[in-house]
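**Student:** Contents of input.txt (compact mmCIF, C-alpha atoms) are given next:
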# COMPACT_ATOMS: atom_id res chain seq x y z
CA MET K 1 -11.18 53.55 6.83
CA ALA K 2 -7.90 55.39 6.28
CA GLU K 3 -8.16 59.07 5.43
CA LEU K 4 -7.74 59.78 1.73
CA SER K 5 -4.80 61.86 0.54
CA PRO K 6 -5.46 64.92 -1.66
CA ASP K 7 -4.64 62.89 -4.79
CA GLN K 8 -7.29 60.28 -3.95
CA VAL K 9 -10.17 62.79 -4.04
CA ALA K 10 -11.94 63.02 -7.39
CA GLY K 11 -12.82 66.71 -7.14
CA ASN K 12 -9.19 67.69 -6.61
CA TRP K 13 -8.20 66.13 -9.94
CA GLY K 14 -11.09 67.55 -11.92
CA ALA K 15 -10.18 71.06 -10.81
CA ILE K 16 -6.68 70.87 -12.32
CA ALA K 17 -7.24 68.75 -15.44
CA PRO K 18 -5.86 71.29 -18.00
CA ASP K 19 -2.75 72.00 -15.91
CA TYR K 20 -2.15 68.28 -15.39
CA GLU K 21 -2.37 67.71 -19.14
CA ARG K 22 0.16 70.44 -19.94
CA ALA K 23 2.60 69.56 -17.16
CA PHE K 24 2.69 65.76 -17.31
CA GLU K 25 1.74 64.50 -20.74
CA GLY K 26 5.15 65.37 -22.14
CA LEU K 27 6.44 62.46 -20.06
CA SER K 28 3.39 60.25 -19.55
CA GLY K 29 2.66 60.36 -23.29
CA GLN K 30 6.02 58.71 -23.96
CA PHE K 31 5.23 55.96 -21.44
CA ALA K 32 1.78 55.53 -22.99
CA ALA K 33 3.29 55.18 -26.47
CA HIS K 34 5.76 52.58 -25.17
CA ALA K 35 2.97 50.62 -23.47
CA LEU K 36 0.91 50.74 -26.66
CA ARG K 37 3.78 49.29 -28.69
CA LEU K 38 4.30 46.50 -26.16
CA LEU K 39 0.61 45.56 -26.24
CA SER K 40 0.75 45.12 -30.04
CA LEU K 41 -2.88 46.12 -30.49
CA ARG K 42 -4.75 45.10 -33.60
CA ARG K 43 -7.38 47.25 -35.28
CA GLY K 44 -10.81 46.70 -33.82
CA GLU K 45 -9.62 45.25 -30.53
CA ARG K 46 -11.55 46.31 -27.44
CA VAL K 47 -9.32 48.29 -25.05
CA LEU K 48 -9.96 49.51 -21.51
CA ASP K 49 -8.03 52.52 -20.17
CA VAL K 50 -8.30 52.62 -16.36
CA ALA K 51 -7.68 55.83 -14.39
CA ALA K 52 -7.19 57.47 -17.77
CA GLY K 53 -6.81 61.03 -16.55
CA THR K 54 -6.94 63.33 -19.55
CA GLY K 55 -6.68 60.26 -21.74
CA ILE K 56 -3.37 60.16 -23.55
CA PHE K 57 -3.20 56.35 -23.73
CA GLY K 58 -6.81 55.93 -24.82
CA LEU K 59 -6.45 58.61 -27.48
CA MET K 60 -3.36 56.90 -28.88
CA ALA K 61 -5.10 53.53 -28.93
CA ALA K 62 -8.13 54.99 -30.70
CA ARG K 63 -5.92 56.64 -33.32
CA ALA K 64 -4.42 53.19 -33.93
CA GLY K 65 -7.87 51.78 -34.66
CA ALA K 66 -8.81 50.19 -31.32
CA LYS K 67 -12.27 50.46 -29.77
CA VAL K 68 -11.57 52.20 -26.48
CA LEU K 69 -13.42 52.77 -23.23
CA ALA K 70 -11.48 55.28 -21.10
CA THR K 71 -12.49 55.53 -17.45
CA ASP K 72 -11.60 57.84 -14.58
CA PHE K 73 -13.12 58.58 -11.18
CA ALA K 74 -12.82 62.36 -11.64
CA PRO K 75 -15.66 63.92 -13.68
CA GLY K 76 -13.44 66.90 -14.56
CA MET K 77 -10.85 64.61 -16.11
CA VAL K 78 -13.52 62.78 -18.10
CA ASP K 79 -14.97 66.11 -19.28
CA ARG K 80 -11.57 67.17 -20.57
CA LEU K 81 -11.05 63.84 -22.33
CA ARG K 82 -14.45 64.14 -24.00
CA GLU K 83 -13.43 67.58 -25.24
CA ARG K 84 -10.29 66.11 -26.77
CA ILE K 85 -12.24 63.31 -28.43
CA ALA K 86 -14.59 65.89 -29.95
CA GLU K 87 -11.72 68.15 -31.04
CA GLU K 88 -10.09 65.27 -32.93
CA GLN K 89 -13.46 63.89 -34.09
CA LEU K 90 -12.25 60.45 -33.05
CA SER K 91 -14.59 57.51 -33.43
CA GLY K 92 -14.26 54.30 -31.50
CA ILE K 93 -13.49 55.90 -28.13
CA SER K 94 -15.78 56.86 -25.26
CA ALA K 95 -15.02 58.23 -21.80
CA GLU K 96 -16.98 57.41 -18.65
CA VAL K 97 -16.77 58.30 -14.97
CA MET K 98 -15.99 55.05 -13.20
CA ASP K 99 -14.18 53.80 -10.10
CA GLY K 100 -11.32 51.59 -11.24
CA GLN K 101 -11.70 49.55 -8.04
CA ALA K 102 -15.28 48.62 -9.04
CA LEU K 103 -15.50 48.77 -12.82
CA ASP K 104 -19.01 48.81 -14.24
CA VAL K 105 -18.14 46.48 -17.13
CA PRO K 106 -18.87 42.79 -17.78
CA ASP K 107 -16.33 40.06 -17.13
CA GLY K 108 -14.04 39.42 -20.09
CA ALA K 109 -15.32 42.36 -22.13
CA PHE K 110 -11.94 43.61 -23.37
CA ASP K 111 -9.01 42.28 -25.36
CA ALA K 112 -6.47 44.58 -23.70
CA GLY K 113 -6.27 47.06 -20.86
CA ALA K 114 -3.87 49.61 -19.46
CA SER K 115 -3.33 52.09 -16.69
CA VAL K 116 -0.62 54.69 -17.22
CA LEU K 117 0.40 56.23 -13.87
CA GLY K 118 -3.23 56.08 -12.73
CA LEU K 119 -3.91 52.88 -10.83
CA ILE K 120 -0.92 53.73 -8.61
CA PHE K 121 -3.14 56.27 -6.77
CA PHE K 122 -5.92 53.82 -5.85
CA PRO K 123 -6.64 53.38 -2.13
CA ASP K 124 -6.79 49.62 -2.87
CA ILE K 125 -4.23 48.91 -5.58
CA ASP K 126 -4.71 45.15 -5.46
CA ARG K 127 -8.44 45.51 -5.98
CA GLY K 128 -7.78 47.76 -8.96
CA LEU K 129 -5.45 45.20 -10.50
CA ALA K 130 -7.96 42.40 -9.92
CA GLU K 131 -10.74 44.47 -11.51
CA LEU K 132 -8.65 45.13 -14.61
CA ARG K 133 -7.90 41.43 -14.93
CA ARG K 134 -11.60 40.58 -14.49
CA ALA K 135 -12.49 42.93 -17.36
CA LEU K 136 -10.13 41.13 -19.76
CA ARG K 137 -10.97 38.01 -21.77
CA GLY K 138 -8.87 34.91 -21.19
CA GLY K 139 -5.44 35.63 -22.63
CA GLY K 140 -6.14 39.35 -22.83
CA ARG K 141 -3.13 41.62 -22.33
CA ALA K 142 -2.57 44.32 -19.74
CA ALA K 143 0.04 47.05 -19.33
CA ILE K 144 0.48 48.80 -15.98
CA VAL K 145 2.80 51.81 -15.72
CA CYS K 146 4.32 52.94 -12.41
CA TRP K 147 7.39 54.94 -11.46
CA ARG K 148 10.67 52.99 -11.30
CA ASP K 149 12.28 54.82 -8.36
CA PRO K 150 10.09 57.49 -6.69
CA ALA K 151 12.87 58.58 -4.33
CA ASN K 152 14.93 59.76 -7.30
CA LEU K 153 12.13 61.01 -9.53
CA GLN K 154 13.43 64.26 -10.97
CA LEU K 155 9.95 65.74 -11.15
CA MET K 156 9.73 65.72 -7.38
CA THR K 157 13.37 65.89 -6.24
CA LEU K 158 13.73 69.31 -7.88
CA VAL K 159 10.66 70.49 -5.97
CA ARG K 160 11.94 69.11 -2.66
CA GLN K 161 15.37 70.68 -3.11
CA ALA K 162 13.90 74.05 -4.06
CA VAL K 163 11.49 74.06 -1.11
CA GLN K 164 14.28 73.12 1.31
CA LYS K 165 16.36 76.07 0.13
CA VAL K 166 13.53 78.55 0.52
CA VAL K 167 11.85 77.11 3.64
CA PRO K 168 14.57 75.05 5.35
CA GLY K 169 12.47 74.44 8.45
CA LEU K 170 9.53 72.89 6.59
CA GLN K 171 9.15 69.25 7.55
CA PRO K 172 8.36 66.80 4.72
CA PRO K 173 5.41 64.45 5.19
CA ALA K 174 6.22 61.49 7.41
CA ALA K 175 4.61 58.95 5.11
CA PRO K 176 5.67 58.32 1.51
CA PRO K 177 3.25 59.62 -1.14
CA VAL K 178 0.46 57.27 -2.14
CA TRP K 179 1.74 57.09 -5.74
CA ALA K 180 5.00 55.55 -4.48
CA ARG K 181 3.34 52.44 -2.98
CA LEU K 182 3.44 50.61 -6.32
CA SER K 183 6.87 51.19 -7.81
CA GLY K 184 9.87 49.29 -9.09
CA ALA K 185 10.03 46.16 -11.21
CA GLY K 186 9.95 43.61 -8.40
CA THR K 187 6.95 45.08 -6.62
CA LEU K 188 5.00 45.60 -9.84
CA LYS K 189 5.61 42.02 -11.00
CA ALA K 190 4.64 40.54 -7.63
CA ARG K 191 1.44 42.58 -7.34
CA MET K 192 0.33 41.75 -10.89
CA GLU K 193 0.94 38.05 -10.31
CA ALA K 194 -0.95 38.19 -7.01
CA ALA K 195 -3.91 39.67 -8.93
CA GLY K 196 -3.89 36.64 -11.25
CA PHE K 197 -1.95 37.91 -14.25
CA ARG K 198 0.19 35.33 -16.05
CA GLU K 199 3.45 35.59 -18.00
CA VAL K 200 4.25 38.87 -16.27
CA GLU K 201 7.33 40.73 -17.41
CA VAL K 202 8.46 44.24 -16.58
CA VAL K 203 10.45 46.61 -18.76
CA THR K 204 11.96 50.00 -17.98
CA SER K 205 10.77 52.98 -19.98
CA THR K 206 12.72 56.27 -20.13
CA ALA K 207 11.14 59.57 -21.10
CA VAL K 208 12.86 62.90 -21.78
CA GLN K 209 10.86 66.10 -22.11
CA GLU K 210 12.36 69.34 -23.38
CA ILE K 211 11.11 72.42 -21.50
CA ASP K 212 11.30 75.32 -23.95
CA GLU K 213 9.67 77.84 -21.58
CA PRO K 214 10.66 76.97 -17.99
CA GLU K 215 8.79 79.91 -16.44
CA ALA K 216 5.53 78.98 -18.14
CA TYR K 217 6.09 75.32 -17.28
CA TRP K 218 6.59 76.18 -13.61
CA SER K 219 3.47 78.35 -13.50
CA GLY K 220 1.29 75.43 -14.54
CA PHE K 221 3.28 72.84 -12.61
CA THR K 222 2.33 74.40 -9.26
CA ARG K 223 -1.31 73.54 -10.02
CA SER K 224 -0.80 70.29 -11.95
CA ALA K 225 -1.50 67.72 -9.21
CA PRO K 226 -3.47 67.88 -5.95
CA PRO K 227 -0.46 67.46 -3.59
CA LEU K 228 1.41 70.24 -5.42
CA ALA K 229 -1.57 72.57 -5.35
CA HIS K 230 -1.95 71.86 -1.62
CA LEU K 231 1.75 72.43 -0.92
CA PHE K 232 1.95 75.76 -2.70
CA SER K 233 -1.30 77.04 -1.26
CA GLN K 234 0.26 76.42 2.16
CA LEU K 235 3.52 78.16 1.23
CA GLY K 236 1.76 81.24 -0.11
CA PRO K 237 2.55 83.38 -3.19
CA GLU K 238 5.86 84.88 -2.02
CA ALA K 239 7.48 81.59 -1.00
CA THR K 240 6.06 79.84 -4.08
CA GLU K 241 7.67 82.47 -6.31
CA ALA K 242 11.01 81.98 -4.55
CA VAL K 243 10.73 78.19 -4.86
CA GLY K 244 10.00 78.68 -8.55
CA ARG K 245 13.19 80.65 -9.08
CA GLU K 246 15.23 77.88 -7.44
CA TYR K 247 13.39 75.20 -9.43
CA ILE K 248 13.90 76.94 -12.77
CA GLU K 249 17.60 77.51 -12.04
CA ALA K 250 18.06 73.81 -11.25
CA LEU K 251 16.08 72.86 -14.35
CA ARG K 252 18.20 75.07 -16.59
CA ALA K 253 21.33 73.37 -15.21
CA GLN K 254 20.08 70.10 -16.72
CA SER K 255 20.00 70.68 -20.43
CA ARG K 256 20.36 68.87 -23.72
CA ARG K 257 21.49 70.87 -26.75
CA GLY K 258 21.00 73.99 -24.68
CA MET K 259 17.39 73.13 -23.81
CA PRO K 260 16.30 72.40 -20.21
CA VAL K 261 15.03 68.83 -19.94
CA MET K 262 13.04 66.68 -17.56
CA ARG K 263 13.93 62.99 -17.37
CA ALA K 264 11.92 60.19 -15.81
CA GLU K 265 11.96 56.41 -15.66
CA ALA K 266 8.92 54.20 -15.32
CA CYS K 267 8.26 50.47 -15.16
CA ILE K 268 5.77 48.90 -17.55
CA GLY K 269 4.36 45.59 -16.35
CA LEU K 270 2.93 43.33 -19.04
CA GLY K 271 0.74 40.35 -18.24
CA ARG K 272 -2.03 38.10 -19.52
CA ALA K 273 -5.40 37.41 -17.92
Spell out the structure here as structure tokens.

**Tutor:**
Amino acid sequence: MAELSPDQVAGNWGAIAPDYERAFEGLSGQFAAHALRLLSLRRGERVLDVAAGTGIFGLMAARAGAKVLATDFAPGMVDRLRERIAEEQLSGISAEVMDGQALDVPDGAFDAGASVLGLIFFPDIDRGLAELRRALRGGGRAAIVCWRDPANLQLMTLVRQAVQKVVPGLQPPAAPPVWARLSGAGTLKARMEAAGFREVEVVTSTAVQEIDEPEAYWSGFTRSAPPLAHLFSQLGPEATEAVGREYIEALRAQSRRGMPVMRAEACIGLGRA
């Protein structure tokens, strides 16, 4: 069995759940909202959120009147989602620890399902897609969100450029990150069809997040995902601080109405079971 990467270990995600929420939901929440619109959910429909993380898609679906089961393999992520459900006093949504590659749900139990930048981390992506399809009733709809072009993802290119300036001799990993294995419209469509989804179409979704406090954003960003936490623990405090200065300078150079912004593009694959 291949060795798992840091972002495929449940405990690593649970440890950084609050930082992940603050750093990424500004973008992932826009993709989740787009996916929700495309699914055209009706009140009372049963919805499955796979690899939900801190739950932005499931929360949105519940606010719209759906009956939601949000699942994630990381207990810390599920704990944080349960806190959010309680804070909003939302009914019709529950959160459970569950492996998206072996969902503990009956066949055909849901009208719709989604995974927003979650299933892309699975060791066995095809198994995860097949499990989501199995959980949907005949004709049920699914929305899968992945990155459009990982090589040009601003979130990570700014980090790479900043690290190269501060530690020019540091060699990048030889293999691409696990979250880049499922990316781009063609790959997403082909993998969904191979899992048995019908009428698959893929749309591009663009998100823009304004960063009003770049220093505070950077402080949390260094801890917001397992590979980042691993990288900066290796670099140490002094180099991490220097990388942060480079990152913030580059971020400030990309502004809209005087406000630093982060842009990202994702693909949303839509299909029927």

**Student:** Grab all the atoms of region 252-256 of chain K that the file lists, wrap them in a box along x, y and z, add 5 Å per side, and give me centre plus edge lengths in Å (one decimal) as AutoDock Vina command-line options.

**Tutor:**
--center_x 19.8 --center_y 72.0 --center_z -19.5 --size_x 13.1 --size_y 16.2 --size_z 18.5

**Student:** Go through K:Ser40, K:Val243, K:Arg272, K:Ala51 and flag the residue nearest Pro168 (chain K), using all atoms listed in the file for the distances.

**Tutor:** K:Val243

**Student:** At what distance in Å, to one decimal, does CA of Gly118 (chain K) lie from CA of Ala225 (chain K)?

**Tutor:** 12.3 Å

**Student:** If we count only C-alpha atoms, what is near Val97 (chain K) at a cut-off of 7 Å, once residues fewer than 2 positions away on the same chain are taken out, given as a list in words?

**Tutor:**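 Neighbouring residues, sequence-local ones excluded: Thr71, Asp72, Phe73, Ala74, Pro75 and Val78 of chain K.
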
**Student:** Using only C-alpha atoms, please write the residues we just selected to a file, as a short mmCIF file (atom, residue, chain, number, x, y, z; two decimals), in the coordinates of the input.

**Tutor:**
data_model
loop_
_atom_site.label_atom_id
_atom_site.label_comp_id
_atom_site.auth_asym_id
_atom_site.auth_seq_id
_atom_site.Cartn_x
_atom_site.Cartn_y
_atom_site.Cartn_z
CA THR K 71 -12.49 55.53 -17.45
CA ASP K 72 -11.60 57.84 -14.58
CA PHE K 73 -13.12 58.58 -11.18
CA ALA K 74 -12.82 62.36 -11.64
CA PRO K 75 -15.66 63.92 -13.68
CA VAL K 78 -13.52 62.78 -18.10
#

**Student:** One decimal, in Å: what's the spacing between CA of Arg160 (chain K) and CA of Ala216 (chain K)?

**Tutor:**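 Distance reported for this atom pair: 19.4 Å.
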
**Student:** Tell me which protein, DNA and RNA residues are within 12 Å of Ala64 (chain K), counting all atoms listed in the file, leaving out same-chain ones fewer than 4 positions away, and put them as a list in words.

**Tutor:** Ala33, Leu36, Arg37, Leu39, Ser40, Leu41, Arg42, Arg43, Gly44, Glu45, Arg46, Val47, Phe57, Gly58, Leu59, Met60, Val68, Leu90, Ser91, Gly92 and Ile93 of chain K

**Student:** Just give me the gap between CA of Ala130 (chain K) and CA of Gly76 (chain K) in Å, one decimal is fine.

**Tutor:**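 Value for the CA of Ala130 (chain K)-CA of Gly76 (chain K) distance: 25.5 Å.
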
**Student:** So that I can check the surroundings of region 8-13 of chain K, please list as a PyMOL selection string every protein, DNA and RNA residue that reaches within 12 Å of it, counting only C-alpha atoms and ignoring chain neighbours fewer than 5 positions away.

**Tutor:** chain K and resi 2-3+18-21+51-54+72-80+97-99+118-125+177-179+223-230

**Student:** Would you pick out the contacts of region 251-257 of chain K at 10 Å or less, using all atoms listed in the file, so that residues sharing its chain but fewer than 3 positions from it are not included, and give the list as a list in words?

**Tutor:**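 What passes the distance filter is Gln154, Leu155, Leu158, Val208, Glu210, Ile211, Pro214, Arg245, Glu246, Tyr247, Ile248, Pro260, Val261, Met262 and Arg263 of chain K.
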
**Student:** What's around Gly29 (chain K) at 9 Å? Count only C-alpha atoms, leave out sequence neighbours fewer than 2 positions away in its own chain, and write the answer as a tab-separated table (two decimals) with C-alpha atoms, in the coordinates of the input.

**Tutor:**
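selection_33.tsv written:
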chain	number	residue	atom	x	y	z
K	24	PHE	CA	2.69	65.76	-17.31
K	25	GLU	CA	1.74	64.50	-20.74
K	26	GLY	CA	5.15	65.37	-22.14
K	27	LEU	CA	6.44	62.46	-20.06
K	31	PHE	CA	5.23	55.96	-21.44
K	32	ALA	CA	1.78	55.53	-22.99
K	33	ALA	CA	3.29	55.18	-26.47
K	34	HIS	CA	5.76	52.58	-25.17
K	56	ILE	CA	-3.37	60.16	-23.55
K	57	PHE	CA	-3.20	56.35	-23.73
K	60	MET	CA	-3.36	56.90	-28.88
K	116	VAL	CA	-0.62	54.69	-17.22
K	207	ALA	CA	11.14	59.57	-21.10

**Student:** Restricting the calculation to all atoms listed in the file, which member of K:Ala242, K:Leu38, K:Gly65, K:Gly100 is positioned closest to Lys165 (chain K)?

**Tutor:**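 Under the stated criterion, the closest residue is K:Ala242.
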
**Student:** Could you check which of K:Glu96, K:Glu238, K:Glu215, K:Glu88 is closest to Asp49 (chain K), using only C-alpha atoms?

**Tutor:**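 Looking at the shortest contact to Asp49 (chain K), the residue is K:Glu96.
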
**Student:** Restricting the calculation to only C-alpha atoms, which member of K:Ala180, K:Ala239, K:Ala195, K:Leu103 is positioned closest to Asn152 (chain K)?

**Tutor:** K:Ala180

**Student:** Tell me which of K:Val202, K:Leu231, K:Ile16, K:Val105 sits closest to Pro172 (chain K), counting only C-alpha atoms.

**Tutor:**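 Counting only C-alpha atoms, the residue closest to Pro172 (chain K) is K:Leu231.
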
**Student:** Between K:Glu265, K:Arg127, K:Leu170, K:Ala135, which has the minimum distance to Ser205 (chain K) (counting all atoms listed in the file)?

**Tutor:**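 Looking only at the distances to Ser205 (chain K), the closest residue turns out to be K:Glu265.
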